[in-house]
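Asker: The following file, coords_23.cif, comprises mmCIF, N, CA and C atoms:
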data_query
loop_
_atom_site.label_atom_id
_atom_site.label_comp_id
_atom_site.auth_asym_id
_atom_site.auth_seq_id
_atom_site.Cartn_x
_atom_site.Cartn_y
_atom_site.Cartn_z
N MET A 1 109.07 98.13 102.52
CA MET A 1 109.80 97.95 103.75
C MET A 1 109.56 96.55 104.29
N LEU A 2 110.58 96.03 104.95
CA LEU A 2 110.46 94.71 105.58
C LEU A 2 110.25 94.87 107.08
N PHE A 3 109.45 93.96 107.62
CA PHE A 3 109.13 93.98 109.04
C PHE A 3 109.21 92.57 109.61
N ALA A 4 109.59 92.48 110.88
CA ALA A 4 109.46 91.25 111.68
C ALA A 4 108.45 91.58 112.77
N ILE A 5 107.43 90.74 112.87
CA ILE A 5 106.40 90.96 113.88
C ILE A 5 106.42 89.77 114.81
N ILE A 6 106.59 90.04 116.09
CA ILE A 6 106.66 88.99 117.11
C ILE A 6 105.41 89.09 117.97
N PHE A 7 104.67 87.99 118.04
CA PHE A 7 103.43 87.92 118.81
C PHE A 7 103.63 87.09 120.07
N THR A 8 103.03 87.52 121.15
CA THR A 8 102.98 86.74 122.38
C THR A 8 101.51 86.42 122.65
N ASP A 9 101.22 85.12 122.81
CA ASP A 9 99.85 84.69 123.09
C ASP A 9 99.56 84.80 124.58
N LYS A 10 98.29 84.92 124.90
CA LYS A 10 97.89 84.89 126.31
C LYS A 10 98.17 83.50 126.86
N PRO A 11 98.70 83.41 128.07
CA PRO A 11 98.99 82.09 128.66
C PRO A 11 97.71 81.27 128.81
N ASP A 12 97.85 79.98 128.70
CA ASP A 12 96.75 79.04 128.92
C ASP A 12 95.58 79.26 127.97
N HIS A 13 95.86 79.63 126.73
CA HIS A 13 94.82 79.83 125.73
C HIS A 13 94.99 78.89 124.54
N ALA A 14 95.54 77.71 124.77
CA ALA A 14 95.75 76.74 123.68
C ALA A 14 94.43 76.34 123.02
N ASP A 15 93.35 76.25 123.80
CA ASP A 15 92.05 75.89 123.23
C ASP A 15 91.56 76.97 122.27
N LEU A 16 91.76 78.22 122.62
CA LEU A 16 91.37 79.32 121.74
C LEU A 16 92.18 79.29 120.45
N ARG A 17 93.48 79.02 120.57
CA ARG A 17 94.34 78.89 119.39
C ARG A 17 93.84 77.77 118.50
N ALA A 18 93.56 76.62 119.07
CA ALA A 18 93.10 75.47 118.29
C ALA A 18 91.78 75.76 117.59
N ALA A 19 90.89 76.45 118.27
CA ALA A 19 89.57 76.75 117.71
C ALA A 19 89.64 77.68 116.50
N HIS A 20 90.67 78.53 116.44
CA HIS A 20 90.77 79.52 115.36
C HIS A 20 91.94 79.26 114.41
N LEU A 21 92.61 78.13 114.60
CA LEU A 21 93.81 77.84 113.81
C LEU A 21 93.53 77.79 112.31
N GLN A 22 92.50 77.06 111.89
CA GLN A 22 92.24 76.94 110.45
C GLN A 22 91.87 78.29 109.84
N ALA A 23 91.06 79.07 110.54
CA ALA A 23 90.71 80.40 110.03
C ALA A 23 91.96 81.27 109.91
N HIS A 24 92.87 81.16 110.87
CA HIS A 24 94.12 81.92 110.84
C HIS A 24 94.98 81.48 109.66
N ILE A 25 95.10 80.18 109.43
CA ILE A 25 95.89 79.67 108.31
C ILE A 25 95.29 80.11 106.98
N ASP A 26 93.97 80.04 106.86
CA ASP A 26 93.29 80.51 105.65
C ASP A 26 93.55 82.00 105.43
N TRP A 27 93.50 82.77 106.51
CA TRP A 27 93.74 84.21 106.45
C TRP A 27 95.18 84.49 106.00
N LEU A 28 96.14 83.74 106.54
CA LEU A 28 97.53 83.91 106.12
C LEU A 28 97.68 83.62 104.63
N GLU A 29 97.01 82.61 104.13
CA GLU A 29 97.08 82.29 102.70
C GLU A 29 96.52 83.44 101.86
N GLN A 30 95.45 84.05 102.33
CA GLN A 30 94.86 85.19 101.61
C GLN A 30 95.76 86.42 101.64
N ASN A 31 96.64 86.50 102.62
CA ASN A 31 97.51 87.66 102.79
C ASN A 31 98.99 87.35 102.56
N LYS A 32 99.26 86.30 101.78
CA LYS A 32 100.63 85.85 101.58
C LYS A 32 101.50 86.84 100.82
N ASP A 33 100.90 87.79 100.10
CA ASP A 33 101.70 88.80 99.42
C ASP A 33 102.36 89.75 100.42
N VAL A 34 101.69 89.99 101.54
CA VAL A 34 102.25 90.86 102.58
C VAL A 34 103.00 90.05 103.63
N VAL A 35 102.47 88.87 103.96
CA VAL A 35 103.08 88.02 105.00
C VAL A 35 103.46 86.67 104.36
N PRO A 36 104.60 86.63 103.65
CA PRO A 36 104.99 85.37 103.00
C PRO A 36 105.55 84.33 103.96
N ILE A 37 105.99 84.76 105.14
CA ILE A 37 106.56 83.84 106.13
C ILE A 37 105.87 84.07 107.46
N ALA A 38 105.31 83.01 108.03
CA ALA A 38 104.64 83.10 109.32
C ALA A 38 104.66 81.75 109.99
N GLY A 39 104.67 81.75 111.31
CA GLY A 39 104.62 80.48 112.04
C GLY A 39 104.60 80.71 113.53
N SER A 40 104.32 79.62 114.24
CA SER A 40 104.23 79.69 115.70
C SER A 40 105.62 79.59 116.32
N LEU A 41 105.72 80.09 117.54
CA LEU A 41 106.96 80.03 118.31
C LEU A 41 106.73 79.19 119.55
N ARG A 42 107.68 78.30 119.84
CA ARG A 42 107.60 77.38 120.98
C ARG A 42 108.97 77.25 121.62
N HIS A 43 108.98 76.85 122.87
CA HIS A 43 110.26 76.60 123.54
C HIS A 43 110.92 75.33 123.00
N ALA A 44 110.12 74.34 122.61
CA ALA A 44 110.64 73.09 122.07
C ALA A 44 109.56 72.47 121.18
N PRO A 45 109.98 71.66 120.18
CA PRO A 45 108.98 70.99 119.34
C PRO A 45 108.01 70.19 120.19
N GLY A 46 106.74 70.24 119.83
CA GLY A 46 105.72 69.49 120.54
C GLY A 46 105.10 70.22 121.72
N GLU A 47 105.74 71.30 122.16
CA GLU A 47 105.16 72.09 123.25
C GLU A 47 104.10 73.04 122.71
N ALA A 48 103.29 73.57 123.59
CA ALA A 48 102.26 74.52 123.20
C ALA A 48 102.91 75.80 122.66
N ALA A 49 102.27 76.39 121.66
CA ALA A 49 102.78 77.64 121.09
C ALA A 49 102.70 78.75 122.13
N LYS A 50 103.72 79.59 122.11
CA LYS A 50 103.79 80.75 123.01
C LYS A 50 103.44 82.04 122.27
N GLY A 51 103.43 81.95 120.94
CA GLY A 51 103.19 83.13 120.12
C GLY A 51 103.50 82.83 118.68
N GLY A 52 103.92 83.84 117.96
CA GLY A 52 104.19 83.65 116.54
C GLY A 52 105.15 84.68 116.01
N LEU A 53 105.58 84.46 114.77
CA LEU A 53 106.51 85.35 114.09
C LEU A 53 106.07 85.49 112.64
N TRP A 54 106.02 86.71 112.17
CA TRP A 54 105.80 86.99 110.76
C TRP A 54 107.00 87.74 110.22
N ILE A 55 107.33 87.47 108.98
CA ILE A 55 108.19 88.33 108.19
C ILE A 55 107.26 88.92 107.13
N ALA A 56 107.20 90.23 107.07
CA ALA A 56 106.23 90.88 106.21
C ALA A 56 106.90 91.97 105.36
N GLU A 57 106.28 92.22 104.22
CA GLU A 57 106.72 93.31 103.35
C GLU A 57 105.52 94.21 103.10
N ALA A 58 105.63 95.46 103.51
CA ALA A 58 104.50 96.39 103.41
C ALA A 58 105.02 97.80 103.15
N ASP A 59 104.11 98.67 102.75
CA ASP A 59 104.47 100.06 102.48
C ASP A 59 104.73 100.85 103.76
N SER A 60 104.10 100.42 104.86
CA SER A 60 104.23 101.18 106.09
C SER A 60 103.90 100.33 107.31
N ARG A 61 104.30 100.82 108.45
CA ARG A 61 103.94 100.20 109.73
C ARG A 61 102.42 100.23 109.91
N ALA A 62 101.79 101.30 109.47
CA ALA A 62 100.33 101.43 109.58
C ALA A 62 99.63 100.31 108.81
N GLN A 63 100.17 99.92 107.68
CA GLN A 63 99.58 98.82 106.91
C GLN A 63 99.65 97.52 107.71
N ILE A 64 100.77 97.29 108.39
CA ILE A 64 100.92 96.09 109.23
C ILE A 64 99.94 96.14 110.39
N GLU A 65 99.84 97.29 111.04
CA GLU A 65 98.90 97.45 112.17
C GLU A 65 97.47 97.12 111.73
N ALA A 66 97.07 97.64 110.58
CA ALA A 66 95.72 97.40 110.09
C ALA A 66 95.51 95.93 109.76
N LEU A 67 96.51 95.29 109.19
CA LEU A 67 96.41 93.88 108.84
C LEU A 67 96.27 93.01 110.08
N ILE A 68 97.03 93.30 111.11
CA ILE A 68 96.97 92.54 112.36
C ILE A 68 95.54 92.54 112.91
N GLN A 69 94.85 93.66 112.81
CA GLN A 69 93.50 93.78 113.33
C GLN A 69 92.52 92.80 112.66
N THR A 70 92.84 92.36 111.45
CA THR A 70 91.95 91.45 110.72
C THR A 70 92.30 89.98 110.90
N ASP A 71 93.40 89.69 111.57
CA ASP A 71 93.84 88.31 111.81
C ASP A 71 92.86 87.62 112.77
N PRO A 72 92.34 86.44 112.41
CA PRO A 72 91.41 85.74 113.30
C PRO A 72 91.97 85.50 114.71
N PHE A 73 93.26 85.25 114.85
CA PHE A 73 93.85 85.08 116.18
C PHE A 73 93.72 86.37 116.99
N PHE A 74 93.97 87.51 116.36
CA PHE A 74 93.86 88.79 117.07
C PHE A 74 92.40 89.08 117.41
N ALA A 75 91.52 88.89 116.43
CA ALA A 75 90.09 89.17 116.63
C ALA A 75 89.49 88.30 117.72
N ALA A 76 89.99 87.08 117.87
CA ALA A 76 89.47 86.14 118.88
C ALA A 76 90.01 86.44 120.28
N GLY A 77 91.00 87.32 120.37
CA GLY A 77 91.56 87.66 121.68
C GLY A 77 92.72 86.78 122.12
N LEU A 78 93.34 86.06 121.19
CA LEU A 78 94.46 85.17 121.55
C LEU A 78 95.73 85.96 121.88
N ARG A 79 95.95 87.04 121.18
CA ARG A 79 97.22 87.75 121.32
C ARG A 79 97.26 88.62 122.58
N GLN A 80 98.29 88.40 123.38
CA GLN A 80 98.52 89.23 124.56
C GLN A 80 99.21 90.53 124.15
N SER A 81 100.16 90.40 123.23
CA SER A 81 100.89 91.57 122.77
C SER A 81 101.59 91.23 121.45
N TYR A 82 102.08 92.28 120.81
CA TYR A 82 102.90 92.10 119.62
C TYR A 82 103.86 93.26 119.49
N GLU A 83 104.94 93.02 118.76
CA GLU A 83 105.95 94.04 118.52
C GLU A 83 106.25 94.05 117.03
N ILE A 84 106.21 95.22 116.43
CA ILE A 84 106.52 95.38 115.01
C ILE A 84 107.90 96.02 114.92
N LEU A 85 108.81 95.32 114.28
CA LEU A 85 110.18 95.81 114.13
C LEU A 85 110.51 95.97 112.65
N HIS A 86 111.19 97.04 112.29
CA HIS A 86 111.71 97.16 110.94
C HIS A 86 112.86 96.17 110.82
N TRP A 87 112.89 95.45 109.70
CA TRP A 87 113.89 94.41 109.53
C TRP A 87 114.80 94.77 108.37
N SER A 88 116.08 94.71 108.58
CA SER A 88 117.07 94.93 107.54
C SER A 88 117.75 93.60 107.25
N LYS A 89 117.49 93.08 106.06
CA LYS A 89 118.12 91.81 105.68
C LYS A 89 119.62 92.01 105.53
N ALA A 90 120.38 90.98 105.88
CA ALA A 90 121.83 91.03 105.74
C ALA A 90 122.23 91.12 104.27
N ASN A 91 121.50 90.45 103.41
CA ASN A 91 121.78 90.47 101.97
C ASN A 91 120.48 90.85 101.27
N SER A 92 120.31 92.12 101.00
CA SER A 92 119.05 92.61 100.46
C SER A 92 118.72 92.07 99.07
N ALA A 93 119.69 91.58 98.33
CA ALA A 93 119.46 91.04 96.99
C ALA A 93 118.93 89.61 97.03
N ARG A 94 119.06 88.95 98.13
CA ARG A 94 118.66 87.55 98.23
C ARG A 94 117.18 87.41 98.54
N LYS A 95 116.42 86.89 97.60
CA LYS A 95 114.98 86.71 97.75
C LYS A 95 114.71 85.22 97.87
N VAL A 96 114.72 84.71 99.08
CA VAL A 96 114.53 83.29 99.32
C VAL A 96 113.52 83.11 100.44
N LEU A 97 112.56 82.21 100.24
CA LEU A 97 111.63 81.86 101.29
C LEU A 97 112.02 80.51 101.85
N ILE A 98 111.97 80.40 103.16
CA ILE A 98 112.33 79.14 103.80
C ILE A 98 111.18 78.17 103.65
#
Go ahead and express the file in the form of structure tokens.
Answerer:
Amino acid sequence: MLFAIIFTDKPDHADLRAAHLQAHIDWLEQNKDVVPIAGSLRHAPGEAAKGGLWIAEADSRAQIEALIQTDPFFAAGLRQSYEILHWSKANSARKVLI
């Protein structure tokens, strides 16, 4: 199953994000089979991140929930909230990573 996960960071926590950024990036690399696409969300380039977005492929929502718990950003308390949505690709045969 495919999922889109939208994260909202706690306001005014840019220092916490910066302190755990490399650990988070390393963690994403270790979990790239489940989360092949991930990145921060901002209102405009150069502005502080407001959260993040993952596109993930997993057997279940429970697998995504468990994975989120191990993310250094989540463990450090950066995330204010997140939403896990089932994602239906417009063209299911197209396997392309941006």
Asker: Run DSSP on the backbone and grab whatever in stretch 16-56 of chain A lands in strand (DSSP E or B); send it over as a VMD selection string.
Answerer: chain A and resid 37 to 41 51 to 56
Asker: I'd like to see the residues matched by the PyMOL selection byres ((chain A and resi 83) around 8) on this file, and ideally I'd get them as an NGL selection string.
Answerer: :A and (4-8 or 81-82 or 84-86)
Asker: I'd like the residues picked by the PyMOL selection byres ((chain A and resi 48-61) around 8) written out as number ranges by chain, using the chain letters and numbers from the file.
Answerer: A: 1-11, 14, 32-47, 62-67, 79-80, 84
Asker: Can you tell me how far atom C of A:His24 sits from atom N of A:Phe73, in Å to one decimal?
Answerer: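 One can read the atom C of A:His24 to atom N of A:Phe73 distance as 6.6 Å.
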Asker: To test your reading of the syntax: which residues would the PyMOL selection byres (((chain A and resi 76 and name CA) around 12) and name CA) return for the file shown? Reply as a PyMOL selection string.
Answerer: chain A and resi 9-10+13+15-21+23-24+68-75+77-80
Asker: When DSSP works through the backbone of this structure, what residues of stretch 44-96 of chain A end up as helix (DSSP H, G or I), shown as a list in words?
Answerer: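 Matching residues, listed in order: Arg61, Ala62, Gln63, Ile64, Glu65, Ala66, Leu67, Ile68, Gln69, Thr70, Pro72, Phe73, Phe74 and Ala75 of chain A.
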